[in-house]
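A.B. asks: Submitted below is the structure of interest, expressed as structure tokens.
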Amino acid sequence: MKRVTGLRPHRSIPAIATVVTVTAVCLLSGAADPGAKATACPTAPSDSFWHAPVDALPVHPKSDRYVASIGATERLHPDFGSGLVEGRPFGIPITVSQTTVPESKVSLDYADESDRSGYRIPPDARVENGPASEGDRHVVVWDKALCKSYELFDAERQGGNAWHAGSGAIFDLRSNALRPDGWTSADAAGLAVLPGLARYEEAAGGRIDHAIRITVPRSDRSYVWPARHQAGSAADSSLPPMGLRLRLKSSVDTSGLAPQAKAVADALKKYGAIVADNGSPWYITGEENAGWDNAQLDGLKAFKGSDFEAVDASGLQQAPDSGAVAPQ
């Protein structure tokens with residue numbers, strides 16, 4: 001199965017005019033448990049491609065074409081924040097599980113490229129944009145007890161301990177093993193979603209130390225390491241492949257940004273963004289969290305596609321089936 005764009009609807013979030021503030025209780029994951037357990041279970045190994053700096057890597061020879069195809073004049077858009085837009089939360093919620101819960105029954109549309117069993121999804125697991133959403137409906141569970149991430153695309157609770165999803169994947173967060181070549185995940189690129197989310201706790205601490213997940217309107221029918229899967233609309237070498245690394249140019253001035261936006265922008269400079277799915281142009285993904293200040297995040301919308309460049313990250317690869325980067 002090769003997932004195509006038509007199978008992955010992605011709604012566009014309008015610019016935020018009025019936001020309904022939700023109670024800033026630690027209901028939303030990522031803001032909780034900053035202590036020892038969080039350290040013991042990272043979202044990715046320290047030598048993972050997610051944590052690899054790309055600020056000194058060469059510009060990709062097709063950079064201009066890639067940026068043009070995504071949209072050189074299109075604005076950067078943080079597809080996450082606090083409160084509600086059009087009556088729904090936005091961003092991908094992270095459900096944190098501190099104790100081992102019973103295994104869930106998960107039926108899958110694309111079982112041939114999904115992990116078919118082993119999911120342990122808490123009964124209160126949240127769905128992207130709410131249970132009535134018609135979007136990507138990601139479910140991401142950060143199991144800190146077993147140090148795994150359970151991730152579903154187009155997820156719907158069936159009642160009790162059962163779920164149905166389009167596709168799903170389980171990631172050992174202490175391992176650099178990639179999915180089998182050609183397999184999807186809850187993302188079109190076959191990568192984990194959790195490590196690529198901008199998390200509030202990181203931004204509040206002033207530093208995001210990893211690449212951020214990004215969507216593009218159209219992608220080529222190809223993928224580059226570390227991606228494992230493509231969902232291209234055409235075989236067109238001017239379109240970005242899944243797994244392409246993009247970065248905010250070093251010449252872009254981020255000094256005037258508010259703290260939360262600056263943490264995101266600085267991460268985009270140092271670690272870049274990874275093309276993970278088809279969707280709206282230059283949409284970067286973060287967690288749904290009441291701690292985000294939408295007014296601060298709106299500062300990121302000052303940047304546009306021409307402020308980015310594609311990176312040749314091929315030199316980071318150590319082995320085709322591993323996400324560990326080569327010693328630099």
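By convention in this document, the chains of the structure tokens carry letters A, B, ... by their order, each chain's residues are numbered from 1, and ligands are numbered from 1 in the order they are shown.
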At most 7 Å is the cut-off: for each residue in segment 266-287 of chain A with any atom that close to an atom of segment 65-87 of chain A, write down the nearest atom pair and the distance in Å rounded to one decimal, counting only C-alpha atoms, chain first then increasing number, as JSON lines.

C.D. replies:
{"residue": "A:Pro281", "atom": "CA", "partner": "A:Ile70", "partner_atom": "CA", "distance": 5.9}
{"residue": "A:Trp282", "atom": "CA", "partner": "A:Leu76", "partner_atom": "CA", "distance": 5.0}
{"residue": "A:Tyr283", "atom": "CA", "partner": "A:His77", "partner_atom": "CA", "distance": 4.8}
{"residue": "A:Ile284", "atom": "CA", "partner": "A:Pro78", "partner_atom": "CA", "distance": 5.2}
{"residue": "A:Thr285", "atom": "CA", "partner": "A:Asp79", "partner_atom": "CA", "distance": 5.2}
{"residue": "A:Gly286", "atom": "CA", "partner": "A:Phe80", "partner_atom": "CA", "distance": 5.2}
{"residue": "A:Glu287", "atom": "CA", "partner": "A:Phe80", "partner_atom": "CA", "distance": 6.1}

A.B. asks: Store the residues picked out above, limited to N, CA, C and O atoms, as a CSV table (one decimal), in the first residue's frame.

C.D. replies:
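again_17.csv was written with the following content:
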chain,number,residue,atom,x,y,z
A,281,PRO,N,0.9,24.3,3.3
A,281,PRO,CA,2.3,24.6,3.1
A,281,PRO,C,2.9,25.3,4.4
A,281,PRO,O,2.3,26.1,5.0
A,282,TRP,N,4.1,24.8,4.7
A,282,TRP,CA,4.9,25.4,5.8
A,282,TRP,C,4.1,25.3,7.2
A,282,TRP,O,4.3,26.2,8.0
A,283,TYR,N,3.3,24.3,7.4
A,283,TYR,CA,2.7,24.1,8.6
A,283,TYR,C,3.6,23.2,9.5
A,283,TYR,O,3.8,22.0,9.2
A,284,ILE,N,4.0,23.8,10.6
A,284,ILE,CA,4.8,23.0,11.6
A,284,ILE,C,3.9,22.5,12.7
A,284,ILE,O,2.9,23.2,13.0
A,285,THR,N,4.2,21.4,13.2
A,285,THR,CA,3.3,20.8,14.2
A,285,THR,C,3.9,20.8,15.6
A,285,THR,O,5.1,20.6,15.8
A,286,GLY,N,3.0,21.0,16.5
A,286,GLY,CA,3.3,21.0,17.9
A,286,GLY,C,2.2,20.4,18.7
A,286,GLY,O,1.1,20.0,18.2
A,287,GLU,N,2.4,20.2,20.0
A,287,GLU,CA,1.4,19.6,20.8
A,287,GLU,C,0.3,20.6,21.2
A,287,GLU,O,0.5,21.8,21.3

A.B. asks: Taking 4 positions as the minimum chain separation for residues in the same chain, which residues sit within 7 Å of segment 239-251 of chain A when counting only C-alpha atoms? Answer as a PyMOL selection string.

C.D. replies: chain A and resi 66+69+189+218-227+230+268-269+272-276+307-311+313

A.B. asks: Keeping N, CA, C and O atoms, export the residues of the selection given above as a CSV table (one decimal), in the first residue's frame.

C.D. replies:
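The resulting file, selection27.csv, is reproduced below:
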chain,number,residue,atom,x,y,z
A,66,TYR,N,12.6,23.1,-4.5
A,66,TYR,CA,11.8,22.6,-3.5
A,66,TYR,C,11.0,23.7,-2.8
A,66,TYR,O,9.8,23.6,-2.6
A,69,SER,N,8.2,25.0,-4.9
A,69,SER,CA,7.1,24.0,-5.0
A,69,SER,C,6.2,24.0,-3.8
A,69,SER,O,5.0,23.8,-3.8
A,189,ALA,N,5.4,9.7,6.1
A,189,ALA,CA,6.8,9.5,5.9
A,189,ALA,C,7.3,8.2,6.7
A,189,ALA,O,8.4,7.8,6.5
A,218,ARG,N,2.3,19.2,-1.8
A,218,ARG,CA,2.5,18.1,-2.7
A,218,ARG,C,3.9,17.6,-2.5
A,218,ARG,O,4.9,18.4,-2.3
A,219,SER,N,4.1,16.3,-2.6
A,219,SER,CA,5.4,15.7,-2.4
A,219,SER,C,5.7,14.8,-3.6
A,219,SER,O,4.8,14.3,-4.3
A,220,ASP,N,6.9,14.5,-3.8
A,220,ASP,CA,7.4,13.6,-4.9
A,220,ASP,C,7.1,12.1,-4.4
A,220,ASP,O,6.9,11.9,-3.2
A,221,ARG,N,7.0,11.3,-5.4
A,221,ARG,CA,6.8,9.9,-5.1
A,221,ARG,C,8.1,9.2,-4.7
A,221,ARG,O,8.5,8.2,-5.4
A,222,SER,N,8.7,9.7,-3.7
A,222,SER,CA,10.0,9.2,-3.3
A,222,SER,C,10.2,9.6,-1.8
A,222,SER,O,9.5,10.4,-1.3
A,223,TYR,N,11.2,9.0,-1.2
A,223,TYR,CA,11.5,9.3,0.2
A,223,TYR,C,13.0,9.2,0.4
A,223,TYR,O,13.7,8.4,-0.3
A,224,VAL,N,13.5,10.0,1.3
A,224,VAL,CA,15.0,9.9,1.6
A,224,VAL,C,15.1,9.7,3.1
A,224,VAL,O,14.2,9.9,3.9
A,225,TRP,N,16.3,9.0,3.4
A,225,TRP,CA,16.6,8.8,4.8
A,225,TRP,C,16.4,10.0,5.6
A,225,TRP,O,16.8,11.1,5.2
A,226,PRO,N,15.7,9.9,6.8
A,226,PRO,CA,15.3,8.7,7.5
A,226,PRO,C,13.9,8.2,7.2
A,226,PRO,O,13.4,7.3,7.9
A,227,ALA,N,13.2,8.9,6.2
A,227,ALA,CA,11.8,8.5,5.9
A,227,ALA,C,11.8,7.0,5.4
A,227,ALA,O,12.8,6.6,4.8
A,230,GLN,N,6.4,7.0,1.1
A,230,GLN,CA,6.1,8.2,0.4
A,230,GLN,C,4.6,8.2,0.2
A,230,GLN,O,3.9,7.2,0.2
A,268,LEU,N,14.3,25.7,14.4
A,268,LEU,CA,14.2,25.5,12.9
A,268,LEU,C,15.5,25.9,12.3
A,268,LEU,O,15.8,25.5,11.2
A,269,LYS,N,16.2,26.8,12.9
A,269,LYS,CA,17.6,27.2,12.4
A,269,LYS,C,18.6,26.1,12.6
A,269,LYS,O,19.3,25.7,11.7
A,272,GLY,N,16.2,22.2,12.1
A,272,GLY,CA,15.4,22.2,10.9
A,272,GLY,C,14.1,21.6,11.1
A,272,GLY,O,13.6,21.3,12.2
A,273,ALA,N,13.4,21.3,10.0
A,273,ALA,CA,12.1,20.7,9.9
A,273,ALA,C,12.2,19.5,9.0
A,273,ALA,O,13.0,19.5,8.1
A,274,ILE,N,11.4,18.4,9.2
A,274,ILE,CA,11.5,17.2,8.4
A,274,ILE,C,10.1,17.1,7.7
A,274,ILE,O,9.1,17.1,8.4
A,275,VAL,N,10.1,16.9,6.4
A,275,VAL,CA,8.9,16.7,5.7
A,275,VAL,C,8.3,15.4,6.1
A,275,VAL,O,8.9,14.3,5.8
A,276,ALA,N,7.1,15.4,6.7
A,276,ALA,CA,6.6,14.2,7.3
A,276,ALA,C,5.2,13.8,6.7
A,276,ALA,O,4.8,12.7,6.9
A,307,ASP,N,12.3,32.2,3.3
A,307,ASP,CA,13.3,32.3,4.5
A,307,ASP,C,13.9,30.9,4.8
A,307,ASP,O,14.7,30.8,5.7
A,308,PHE,N,13.4,29.9,4.1
A,308,PHE,CA,13.9,28.5,4.3
A,308,PHE,C,14.8,28.1,3.2
A,308,PHE,O,14.7,28.6,2.1
A,309,GLU,N,15.6,27.0,3.4
A,309,GLU,CA,16.3,26.4,2.4
A,309,GLU,C,16.4,24.9,2.7
A,309,GLU,O,16.3,24.5,3.9
A,310,ALA,N,16.4,24.1,1.7
A,310,ALA,CA,16.6,22.6,1.8
A,310,ALA,C,18.0,22.3,2.1
A,310,ALA,O,18.9,22.9,1.7
A,311,VAL,N,18.2,21.2,2.9
A,311,VAL,CA,19.5,20.8,3.4
A,311,VAL,C,19.9,19.4,2.8
A,311,VAL,O,19.0,18.6,2.7
A,313,ALA,N,21.2,16.4,3.9
A,313,ALA,CA,21.5,15.7,5.2
A,313,ALA,C,21.9,14.3,5.0
A,313,ALA,O,22.0,13.5,5.9

A.B. asks: Fewer than 2 positions away in the same chain doesn't count, so skip those; otherwise give me all residues within 6 Å of segment 91-100 of chain A, counting only C-alpha atoms, as a list of chain:residue names.

C.D. replies: A:Ser29, A:Asp79, A:Phe80, A:Ala125, A:Glu128, A:Val140, A:Val141, A:Trp142, A:Asp143, A:Lys144, A:Ala145, A:Gly286, A:Glu287, A:Glu288

A.B. asks: What would the file look like if the residues just selected were written as a CSV table (one decimal), in the first residue's frame with all heavy atoms?

C.D. replies:
chain,number,residue,atom,x,y,z
A,29,SER,N,-0.8,17.0,28.0
A,29,SER,CA,0.5,16.3,28.3
A,29,SER,C,1.6,17.3,27.9
A,29,SER,O,1.4,18.3,27.3
A,29,SER,CB,0.6,15.1,27.4
A,29,SER,OG,0.4,15.5,26.0
A,79,ASP,N,0.8,25.1,13.5
A,79,ASP,CA,-0.4,24.4,13.6
A,79,ASP,C,-0.7,23.8,15.0
A,79,ASP,O,-1.0,22.6,15.1
A,79,ASP,CB,-0.4,23.3,12.5
A,79,ASP,CG,-1.8,22.7,12.2
A,79,ASP,OD1,-2.8,23.4,12.6
A,79,ASP,OD2,-1.9,21.7,11.6
A,80,PHE,N,-0.5,24.6,16.0
A,80,PHE,CA,-0.7,24.2,17.4
A,80,PHE,C,-0.9,25.5,18.2
A,80,PHE,O,-0.5,26.6,17.8
A,80,PHE,CB,0.5,23.4,17.8
A,80,PHE,CG,1.8,24.1,17.7
A,80,PHE,CD1,2.4,24.8,18.8
A,80,PHE,CD2,2.6,24.1,16.6
A,80,PHE,CE1,3.6,25.4,18.7
A,80,PHE,CE2,3.8,24.7,16.5
A,80,PHE,CZ,4.3,25.4,17.5
A,125,ALA,N,-7.3,8.7,26.4
A,125,ALA,CA,-6.5,9.1,25.3
A,125,ALA,C,-7.2,10.1,24.4
A,125,ALA,O,-8.4,9.9,24.0
A,125,ALA,CB,-6.0,8.0,24.4
A,128,GLU,N,-6.7,14.1,18.1
A,128,GLU,CA,-6.3,15.4,17.5
A,128,GLU,C,-7.6,16.2,17.0
A,128,GLU,O,-8.4,15.6,16.3
A,128,GLU,CB,-5.4,15.2,16.3
A,128,GLU,CG,-5.0,16.5,15.6
A,128,GLU,CD,-4.1,16.2,14.3
A,128,GLU,OE1,-4.0,15.1,13.9
A,128,GLU,OE2,-3.6,17.2,13.8
A,140,VAL,N,-1.6,10.1,20.0
A,140,VAL,CA,-0.2,9.8,20.3
A,140,VAL,C,-0.2,9.6,21.8
A,140,VAL,O,-0.6,10.4,22.6
A,140,VAL,CB,0.7,11.0,20.0
A,140,VAL,CG1,2.1,10.8,20.5
A,140,VAL,CG2,0.7,11.2,18.4
A,141,VAL,N,0.3,8.4,22.2
A,141,VAL,CA,0.5,8.1,23.6
A,141,VAL,C,1.9,7.9,24.0
A,141,VAL,O,2.6,7.0,23.4
A,141,VAL,CB,-0.3,6.7,24.0
A,141,VAL,CG1,-0.1,6.4,25.4
A,141,VAL,CG2,-1.8,6.9,23.7
A,142,TRP,N,2.4,8.7,24.9
A,142,TRP,CA,3.8,8.6,25.4
A,142,TRP,C,3.8,7.7,26.6
A,142,TRP,O,3.4,8.1,27.7
A,142,TRP,CB,4.3,10.0,25.7
A,142,TRP,CG,5.7,10.1,26.1
A,142,TRP,CD1,6.7,9.1,26.2
A,142,TRP,CD2,6.4,11.3,26.3
A,142,TRP,NE1,7.9,9.6,26.5
A,142,TRP,CE2,7.8,11.0,26.6
A,142,TRP,CE3,6.1,12.7,26.4
A,142,TRP,CZ2,8.8,11.9,27.0
A,142,TRP,CZ3,7.0,13.6,26.7
A,142,TRP,CH2,8.4,13.2,27.0
A,143,ASP,N,4.1,6.4,26.5
A,143,ASP,CA,4.1,5.5,27.5
A,143,ASP,C,5.5,5.5,28.2
A,143,ASP,O,6.4,5.0,27.8
A,143,ASP,CB,3.9,4.1,27.0
A,143,ASP,CG,3.8,3.0,28.0
A,143,ASP,OD1,4.3,3.2,29.2
A,143,ASP,OD2,3.3,1.9,27.7
A,144,LYS,N,5.5,6.3,29.3
A,144,LYS,CA,6.8,6.5,30.0
A,144,LYS,C,7.2,5.2,30.9
A,144,LYS,O,8.3,5.1,31.3
A,144,LYS,CB,6.7,7.7,30.9
A,144,LYS,CG,6.6,9.0,30.1
A,144,LYS,CD,6.8,10.2,30.9
A,144,LYS,CE,6.8,11.5,30.1
A,144,LYS,NZ,7.0,12.7,30.9
A,145,ALA,N,6.2,4.4,31.2
A,145,ALA,CA,6.5,3.2,31.9
A,145,ALA,C,7.3,2.2,31.1
A,145,ALA,O,8.3,1.6,31.6
A,145,ALA,CB,5.2,2.5,32.4
A,286,GLY,N,3.0,21.0,16.5
A,286,GLY,CA,3.3,21.0,17.9
A,286,GLY,C,2.2,20.4,18.7
A,286,GLY,O,1.1,20.0,18.2
A,287,GLU,N,2.4,20.2,20.0
A,287,GLU,CA,1.4,19.6,20.8
A,287,GLU,C,0.3,20.6,21.2
A,287,GLU,O,0.5,21.8,21.3
A,287,GLU,CB,2.0,19.1,22.1
A,287,GLU,CG,2.5,20.1,23.1
A,287,GLU,CD,2.7,19.6,24.5
A,287,GLU,OE1,1.9,18.7,24.9
A,287,GLU,OE2,3.6,20.1,25.2
A,288,GLU,N,-0.9,20.1,21.3
A,288,GLU,CA,-2.0,20.9,21.9
A,288,GLU,C,-1.7,21.0,23.4
A,288,GLU,O,-1.5,20.1,24.1
A,288,GLU,CB,-3.3,20.1,21.6
A,288,GLU,CG,-4.5,20.6,22.4
A,288,GLU,CD,-5.6,19.6,22.5
A,288,GLU,OE1,-5.8,18.7,21.6
A,288,GLU,OE2,-6.2,19.5,23.6

A.B. asks: Choose the residue, out of A:Gln260, A:Gln317, A:Ser63, A:Ser185, that has the smallest atom-to-atom separation from Ala295 of chain A; count only C-alpha atoms.

C.D. replies: A:Gln260

A.B. asks: Neighbours of Val101 of chain A within 8 Å (only C-alpha atoms; same-chain residues fewer than 4 positions away dropped), as a list in words?

C.D. replies: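 Close residues of Val101 of chain A: Arg120, Ile121 and Pro122 of chain A.
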
A.B. asks: Could you please take those selected residues and save N, CA, C and O atoms as a PDB file, in the first residue's frame?

C.D. replies:
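Writing done, so here's part-v7.pdb:
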ATOM      1  N   ARG A 120      -1.043   0.062  23.921  1.00  0.00           N
ATOM      2  CA  ARG A 120      -1.594   0.211  25.268  1.00  0.00           C
ATOM      3  C   ARG A 120      -2.090   1.651  25.397  1.00  0.00           C
ATOM      4  O   ARG A 120      -1.341   2.542  25.789  1.00  0.00           O
ATOM      5  N   ILE A 121      -3.323   1.855  25.016  1.00  0.00           N
ATOM      6  CA  ILE A 121      -3.885   3.195  24.915  1.00  0.00           C
ATOM      7  C   ILE A 121      -4.815   3.444  26.095  1.00  0.00           C
ATOM      8  O   ILE A 121      -5.806   2.732  26.264  1.00  0.00           O
ATOM      9  N   PRO A 122      -4.502   4.428  26.930  1.00  0.00           N
ATOM     10  CA  PRO A 122      -5.369   4.717  28.083  1.00  0.00           C
ATOM     11  C   PRO A 122      -6.781   5.085  27.643  1.00  0.00           C
ATOM     12  O   PRO A 122      -6.988   5.623  26.550  1.00  0.00           O
TER      13      PRO A 122
END

A.B. asks: Taking the DSSP secondary structure from the backbone, can you list the residues of segment 91-161 of chain A that are strand (DSSP E), as a list of chain:residue names?

C.D. replies: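 Selection result, strand (DSSP E) within segment 91-161 of chain A: A:Ile94, A:Thr95, A:Val96, A:Ser97, A:Lys105, A:Val106, A:Ser107, A:Leu108, A:Val139, A:Val140, A:Val141, A:Trp142, A:Asp143, A:Lys148, A:Ser149, A:Tyr150, A:Glu151, A:Leu152, A:Phe153, A:Glu156, A:Arg157, A:Gln158, A:Gly159.
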
A.B. asks: Ranking A:Cys41, A:Val264, A:Val127, A:Ala165 by minimum distance to Tyr110 of chain A and counting only C-alpha atoms, which one comes first?

C.D. replies: A:Ala165

A.B. asks: If you count only C-alpha atoms, which residues fall within 9 Å of Leu108 of chain A, apart from same-chain ones fewer than 3 positions away, as a list in words?

C.D. replies: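 Surrounding residues, per the criterion: Ala111, Asp112, Ser114, Arg116, Trp163, His164, Ala165, Gly166, Ser167 and Gly168 of chain A.
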
A.B. asks: Write a file of the selected residues as an mmCIF file, in the first residue's frame, keeping N, CA and C atoms.

C.D. replies:
data_model
loop_
_atom_site.group_PDB
_atom_site.id
_atom_site.type_symbol
_atom_site.label_atom_id
_atom_site.label_comp_id
_atom_site.auth_asym_id
_atom_site.auth_seq_id
_atom_site.Cartn_x
_atom_site.Cartn_y
_atom_site.Cartn_z
ATOM 1 N N ALA A 111 -3.350 -2.586 7.646
ATOM 2 C CA ALA A 111 -2.685 -3.474 8.600
ATOM 3 C C ALA A 111 -1.380 -4.032 8.050
ATOM 4 N N ASP A 112 -1.258 -4.104 6.711
ATOM 5 C CA ASP A 112 -0.053 -4.698 6.127
ATOM 6 C C ASP A 112 1.197 -3.869 6.377
ATOM 7 N N SER A 114 1.259 -1.678 9.189
ATOM 8 C CA SER A 114 1.094 -1.182 10.549
ATOM 9 C C SER A 114 1.504 -2.248 11.556
ATOM 10 N N ARG A 116 0.329 -4.460 14.281
ATOM 11 C CA ARG A 116 -1.044 -4.943 14.452
ATOM 12 C C ARG A 116 -1.439 -5.124 15.911
ATOM 13 N N TRP A 163 -10.131 0.345 19.477
ATOM 14 C CA TRP A 163 -9.981 1.485 18.583
ATOM 15 C C TRP A 163 -9.939 0.999 17.140
ATOM 16 N N HIS A 164 -10.315 1.874 16.228
ATOM 17 C CA HIS A 164 -10.098 1.638 14.804
ATOM 18 C C HIS A 164 -9.264 2.792 14.271
ATOM 19 N N ALA A 165 -8.336 2.486 13.345
ATOM 20 C CA ALA A 165 -7.485 3.531 12.785
ATOM 21 C C ALA A 165 -7.132 3.201 11.346
ATOM 22 N N GLY A 166 -6.741 4.218 10.609
ATOM 23 C CA GLY A 166 -6.254 3.993 9.255
ATOM 24 C C GLY A 166 -4.940 3.240 9.273
ATOM 25 N N SER A 167 -4.006 3.727 10.076
ATOM 26 C CA SER A 167 -2.700 3.079 10.222
ATOM 27 C C SER A 167 -2.182 3.355 11.619
ATOM 28 N N GLY A 168 -1.170 2.596 12.021
ATOM 29 C CA GLY A 168 -0.624 2.769 13.362
ATOM 30 C C GLY A 168 0.778 2.221 13.471
#

A.B. asks: Measuring between only C-alpha atoms, which one of A:Asp298, A:Pro123, A:Ala261, A:Asp115 shows the shortest distance to Tyr150 of chain A?

C.D. replies: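 Smallest separation from Tyr150 of chain A among the options: A:Asp115.
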
A.B. asks: Please return as an MDAnalysis selection string: the residues of segment 198-235 of chain A that backbone DSSP assigns to helix (DSSP H, G or I).

C.D. replies: chainID A and resid 200:204

A.B. asks: Just how far from atom CA of Leu57 of chain A is atom CA of Asp266 of chain A, in Å to one decimal?

C.D. replies: 15.9 Å

A.B. asks: Which residues, written as a list in words, have at least one atom at most 6 Å from Ala324 of chain A, with only C-alpha atoms counted and residues fewer than 4 positions away on the same chain left out?

C.D. replies: Asp47, Ser48, Phe49 and Asn176 of chain A
